[in-house]
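Q: Structure file query-v3.csv (CSV, C-alpha atoms and all ligand atoms) is given on the next line.
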chain,number,residue,atom,x,y,z
A,285,MET,CA,-12.3,15.3,-9.2
A,286,ILE,CA,-14.6,13.5,-6.8
A,287,TYR,CA,-14.1,10.4,-4.6
A,288,ASP,CA,-15.9,7.3,-5.8
A,289,PRO,CA,-16.5,5.0,-2.8
A,290,ASN,CA,-17.0,2.1,-5.2
A,291,ASN,CA,-13.3,1.5,-5.6
A,292,ILE,CA,-11.4,-1.7,-4.8
A,293,PHE,CA,-9.5,-0.4,-1.7
A,294,ALA,CA,-12.8,0.9,-0.2
A,295,LYS,CA,-14.1,-2.7,-0.6
A,296,ILE,CA,-11.0,-4.1,1.1
A,297,ILE,CA,-11.4,-1.7,4.0
A,298,LEU,CA,-15.1,-2.8,4.4
A,299,GLY,CA,-13.9,-6.4,4.3
A,300,GLU,CA,-15.9,-7.1,1.1
A,301,ILE,CA,-12.7,-8.2,-0.8
A,302,PRO,CA,-9.9,-10.1,0.9
A,303,CYS,CA,-6.3,-8.8,1.3
A,304,HIS,CA,-3.1,-9.9,2.9
A,305,LYS,CA,-3.3,-7.7,5.9
A,306,ILE,CA,-0.1,-6.4,7.7
A,307,TYR,CA,-1.4,-3.7,10.0
A,308,GLU,CA,-4.7,-2.1,11.0
A,309,ASP,CA,-5.7,0.6,13.4
A,310,GLU,CA,-8.6,3.0,13.8
A,311,HIS,CA,-7.5,5.2,10.9
A,312,THR,CA,-5.4,3.1,8.6
A,313,LEU,CA,-4.9,-0.3,7.0
A,314,ALA,CA,-1.7,-1.8,5.4
A,315,PHE,CA,-1.7,-4.8,3.1
A,316,MET,CA,0.4,-6.5,0.4
A,317,ASP,CA,0.2,-5.2,-3.2
A,318,VAL,CA,-1.1,-8.1,-5.4
A,319,MET,CA,1.2,-7.0,-8.2
A,320,PRO,CA,4.4,-6.4,-6.3
A,321,GLN,CA,7.2,-4.5,-8.0
A,322,VAL,CA,9.7,-6.0,-5.5
A,323,ASP,CA,9.3,-8.6,-2.7
A,324,GLY,CA,7.6,-6.9,0.3
A,325,HIS,CA,5.8,-4.3,-1.8
A,326,CYS,CA,2.9,-3.2,0.3
A,327,LEU,CA,0.3,-0.4,0.5
A,328,VAL,CA,-1.0,1.9,3.3
A,329,VAL,CA,-4.5,3.4,3.0
A,330,PRO,CA,-6.6,5.6,5.2
A,331,LYS,CA,-10.0,4.2,6.2
A,332,VAL,CA,-11.6,7.6,5.4
A,333,GLY,CA,-12.0,7.9,1.6
A,334,SER,CA,-10.1,10.5,-0.4
A,335,ARG,CA,-9.2,10.2,-4.0
A,336,ASN,CA,-5.5,10.9,-3.5
A,337,LEU,CA,-3.1,13.2,-1.7
A,338,LEU,CA,-4.7,16.3,-3.4
A,339,ASP,CA,-8.1,16.1,-1.7
A,340,SER,CA,-7.0,14.5,1.5
A,341,ASP,CA,-7.5,16.0,4.9
A,342,LEU,CA,-4.3,16.9,6.7
A,343,ALA,CA,-5.2,14.9,9.9
A,344,VAL,CA,-5.9,11.8,7.7
A,345,LEU,CA,-2.5,12.3,6.0
A,346,ALA,CA,-0.8,12.4,9.4
A,347,HIS,CA,-2.3,9.0,10.3
A,348,VAL,CA,-1.3,7.6,6.9
A,349,ILE,CA,2.3,8.8,7.2
A,350,ALA,CA,2.6,7.5,10.8
A,351,THR,CA,1.5,4.0,9.6
A,352,THR,CA,3.7,4.3,6.5
A,353,GLN,CA,6.7,4.9,8.7
A,354,LYS,CA,5.8,1.9,11.0
A,355,VAL,CA,5.3,-0.5,8.1
A,356,ALA,CA,8.3,0.8,6.1
A,357,GLN,CA,10.6,0.1,9.1
A,358,ALA,CA,9.1,-3.4,9.5
A,359,ALA,CA,9.3,-4.2,5.7
A,360,MET,CA,13.0,-3.2,5.7
A,361,LYS,CA,13.8,-5.5,8.6
A,362,ALA,CA,11.7,-8.4,7.2
A,363,PHE,CA,13.4,-8.3,3.8
A,364,GLY,CA,16.9,-7.3,4.9
A,365,ALA,CA,16.6,-4.1,2.8
A,366,ASP,CA,19.2,-1.4,2.5
A,367,GLY,CA,16.6,1.3,1.9
A,368,VAL,CA,12.9,1.9,1.2
A,369,GLN,CA,11.2,3.8,-1.5
A,370,LEU,CA,7.7,5.4,-1.1
A,371,ARG,CA,5.6,6.0,-4.2
A,372,GLN,CA,2.3,7.8,-4.3
A,373,TYR,CA,0.5,8.6,-7.6
A,374,ASN,CA,-2.1,11.4,-8.1
A,375,GLU,CA,-4.6,11.1,-11.0
A,376,GLN,CA,-4.4,9.0,-14.1
A,377,ALA,CA,-1.9,11.2,-15.9
A,378,ALA,CA,0.5,10.5,-13.0
A,379,GLY,CA,0.0,6.8,-13.1
A,380,GLN,CA,-2.8,6.4,-10.5
A,381,THR,CA,-5.0,3.4,-11.2
A,382,VAL,CA,-6.9,3.0,-7.9
A,383,PHE,CA,-8.6,6.2,-6.8
A,384,HIS,CA,-8.4,5.8,-3.0
A,385,LEU,CA,-5.4,7.5,-1.4
A,386,HIS,CA,-2.5,5.0,-0.9
A,387,PHE,CA,1.2,5.0,-0.3
A,388,HIS,CA,3.4,2.3,-1.9
A,389,ILE,CA,6.2,0.9,0.3
A,390,LEU,CA,9.1,-0.7,-1.6
A,391,PRO,CA,11.9,-2.2,0.5
A,392,LEU,CA,15.0,-2.3,-1.7
A,393,LYS,CA,18.4,-4.0,-1.5
A,394,GLU,CA,21.4,-2.5,-3.3
A,395,GLY,CA,21.0,-3.3,-7.1
A,396,ASP,CA,17.3,-4.4,-6.9
A,397,ILE,CA,15.4,-3.8,-10.1
A,398,LEU,CA,11.7,-2.9,-9.8
A,399,GLN,CA,9.1,-4.9,-11.8
A,400,PRO,CA,6.7,-2.8,-13.8
A,401,HIS,CA,3.9,-0.8,-12.0
A,402,THR,CA,0.7,-2.9,-12.0
A,403,GLY,CA,2.5,-5.8,-13.7
A,404,LYS,CA,2.1,-9.4,-12.9
A,405,MET,CA,-0.2,-10.8,-10.2
A,406,ALA,CA,1.8,-12.6,-7.5
A,407,ASP,CA,1.0,-16.1,-6.0
A,408,HIS,CA,-1.3,-15.7,-3.0
A,409,GLY,CA,0.7,-18.2,-1.0
A,410,VAL,CA,3.8,-16.1,-1.4
A,411,LEU,CA,2.0,-12.9,-0.6
A,412,ALA,CA,0.7,-14.5,2.6
A,413,GLU,CA,4.2,-15.5,3.6
A,414,HIS,CA,5.6,-12.0,2.9
A,415,ALA,CA,2.8,-10.4,5.0
A,416,ASN,CA,3.7,-12.8,7.8
A,417,GLU,CA,7.4,-11.9,7.6
A,418,ILE,CA,6.5,-8.1,7.8
A,419,LEU,CA,4.1,-8.8,10.7
A,420,LYS,CA,6.9,-10.2,12.8
A,421,TYR,CA,8.5,-6.7,12.9
A,422,ILE,CA,5.4,-4.5,13.5
A,501,LIG,P1,-1.7,3.1,-8.2
A,501,LIG,O1,-3.1,3.5,-8.1
A,501,LIG,O2,-1.3,3.2,-9.6
A,501,LIG,O3,-0.8,3.8,-7.3
A,501,LIG,O4,-1.6,1.6,-7.9
A,501,LIG,C1,-2.5,0.8,-7.4
A,501,LIG,C2,-1.8,-0.4,-6.8
A,501,LIG,O5,-2.8,-1.3,-6.3
A,501,LIG,C3,-1.1,-1.3,-7.9
A,501,LIG,O6,0.3,-1.4,-7.5
A,501,LIG,C4,-1.8,-2.6,-7.9
A,501,LIG,O7,-1.0,-3.7,-8.1
A,501,LIG,C5,-2.5,-2.6,-6.5
A,501,LIG,N1,-3.7,-3.4,-6.4
A,501,LIG,C6,-4.8,-3.4,-7.3
A,501,LIG,N2,-5.8,-4.2,-6.8
A,501,LIG,C7,-5.3,-4.6,-5.6
A,501,LIG,C8,-5.9,-5.5,-4.6
A,501,LIG,N3,-7.1,-6.1,-4.8
A,501,LIG,N4,-5.1,-5.8,-3.5
A,501,LIG,C9,-3.9,-5.3,-3.4
A,501,LIG,N5,-3.3,-4.5,-4.3
A,501,LIG,C10,-4.0,-4.1,-5.4
Mind turning the file's structure into structure tokens?
A:
Amino acid sequence: MIYDPNNIFAKIILGEIPCHKIYEDEHTLAFMDVMPQVDGHCLVVPKVGSRNLLDSDLAVLAHVIATTQKVAQAAMKAFGADGVQLRQYNEQAAGQTVFHLHFHILPLKEGDILQPHTGKMADHGVLAEHANEILKYI
């Protein structure tokens, strides 16, 4: 399995496609998922391309996990969540649809029901508001 740099997250990292950005540093970027499974659903990606967890460099993974922790803490506070679920899919058979490593962050309140994976596109105004809410706690 090889990394194809012509994927949508690589284009977001290069600034060729817009995103609702939450956090950026030298190694990672975090932004809102456009088809959220719950309010506050966001994604963390490394800037260096790897297809998924299976071919990722350990140093890159360490940066991604550090950013995932930071954004997960902020998303929980922003949405008054009781917990946070992380999801990460590897290869099509396991549900991966974008082939650039990413972690899903899903802040959850007791009893929340998740919308389907890659379901409905959210309103961009709402996504921008949600990104701003999370930004307050980064
Ligand atoms: P997966 O590869 O299955 O882990 O999921 C890819 C995720 O990326 C899905 O949850 C999509 O809703 C999300 N997604 C796809 N295109 C974009 C985009 N342009 N901006 C933000 N999220 C996206």
Q: Quick one: residues within 9 Å of ligand LIG 501 (chain A), with all atoms listed in the file, as a PyMOL selection string?
A: chain A and resi 292-293+295-296+301-304+315-321+325-327+371-376+378-388+401-405
Q: I want to know what sits within 7 Å of Pro391 in chain A, based on all atoms listed in the file, with residues of the same chain fewer than 2 positions away left out; could you give that as a short mmCIF file (atom, residue, chain, number, x, y, z; two decimals) with C-alpha atoms, in the coordinates of the input?
A:
data_model
loop_
_atom_site.label_atom_id
_atom_site.label_comp_id
_atom_site.auth_asym_id
_atom_site.auth_seq_id
_atom_site.Cartn_x
_atom_site.Cartn_y
_atom_site.Cartn_z
CA GLY A 324 7.60 -6.90 0.30
CA HIS A 325 5.80 -4.30 -1.80
CA ALA A 359 9.30 -4.20 5.70
CA MET A 360 13.00 -3.20 5.70
CA ALA A 365 16.60 -4.10 2.80
CA GLY A 367 16.60 1.30 1.90
CA VAL A 368 12.90 1.90 1.20
CA GLN A 369 11.20 3.80 -1.50
CA ILE A 389 6.20 0.90 0.30
#
Q: With all atoms listed in the file as the basis for distance, which of A:Pro289, A:Gly409, A:Pro400, A:Gly395 is at the shortest distance from Val332 in chain A?
A: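 Selected residue with least distance to Val332 in chain A: A:Pro289.
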Q: Calculate how many Å separate CA of Leu345 in chain A from CA of Pro330 in chain A, rounding to one decimal.
A: 7.9 Å
Q: Using only C-alpha atoms, can you tell me which of A:Ala358, A:Val344, A:Leu337, A:Ala294 comes closest to Glu310 in chain A?
A: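 Checking each of A:Ala358, A:Val344, A:Leu337, A:Ala294 against Glu310 in chain A, counting only C-alpha atoms, the winner is A:Val344.
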Q: Would you mind reading off the distance between CA of Leu419 in chain A and CA of Ile397 in chain A, one decimal, in Å?
A: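 Pair CA of Leu419 in chain A / CA of Ile397 in chain A returns 24.2 Å.
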Q: Calculate how many Å separate CA of Gln357 in chain A from CA of Tyr421 in chain A, rounding to one decimal.
A: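 About the pair CA of Gln357 in chain A and CA of Tyr421 in chain A: they are 8.1 Å apart.
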Q: Using only C-alpha atoms, can you tell me which of A:Met285, A:Ile422, A:Ala362, A:Ala343 comes closest to Asp323 in chain A?
A: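 Using only C-alpha atoms, Asp323 in chain A sits closest to A:Ala362.
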Q: Ranking A:Gly333, A:Leu313, A:Lys361, A:Ile306 by minimum distance to Ile349 in chain A and counting all atoms listed in the file, which one comes first?
A: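 Using all atoms listed in the file, the shortest distance to Ile349 in chain A belongs to A:Leu313.
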Q: Between A:His311, A:Val355, A:Leu392, A:Asp366, which residue has the minimum interatomic distance to Lys420 in chain A, considering all atoms listed in the file?
A: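 Between A:His311, A:Val355, A:Leu392, A:Asp366, the residue approaching Lys420 in chain A most closely is A:Val355.
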Q: Between A:Val348, A:Ala377, A:Ala412, A:Leu390, which one has atoms that come closest to Ser334 in chain A, using only C-alpha atoms?
A: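 Ranked by minimum distance to Ser334 in chain A, first place goes to A:Val348.
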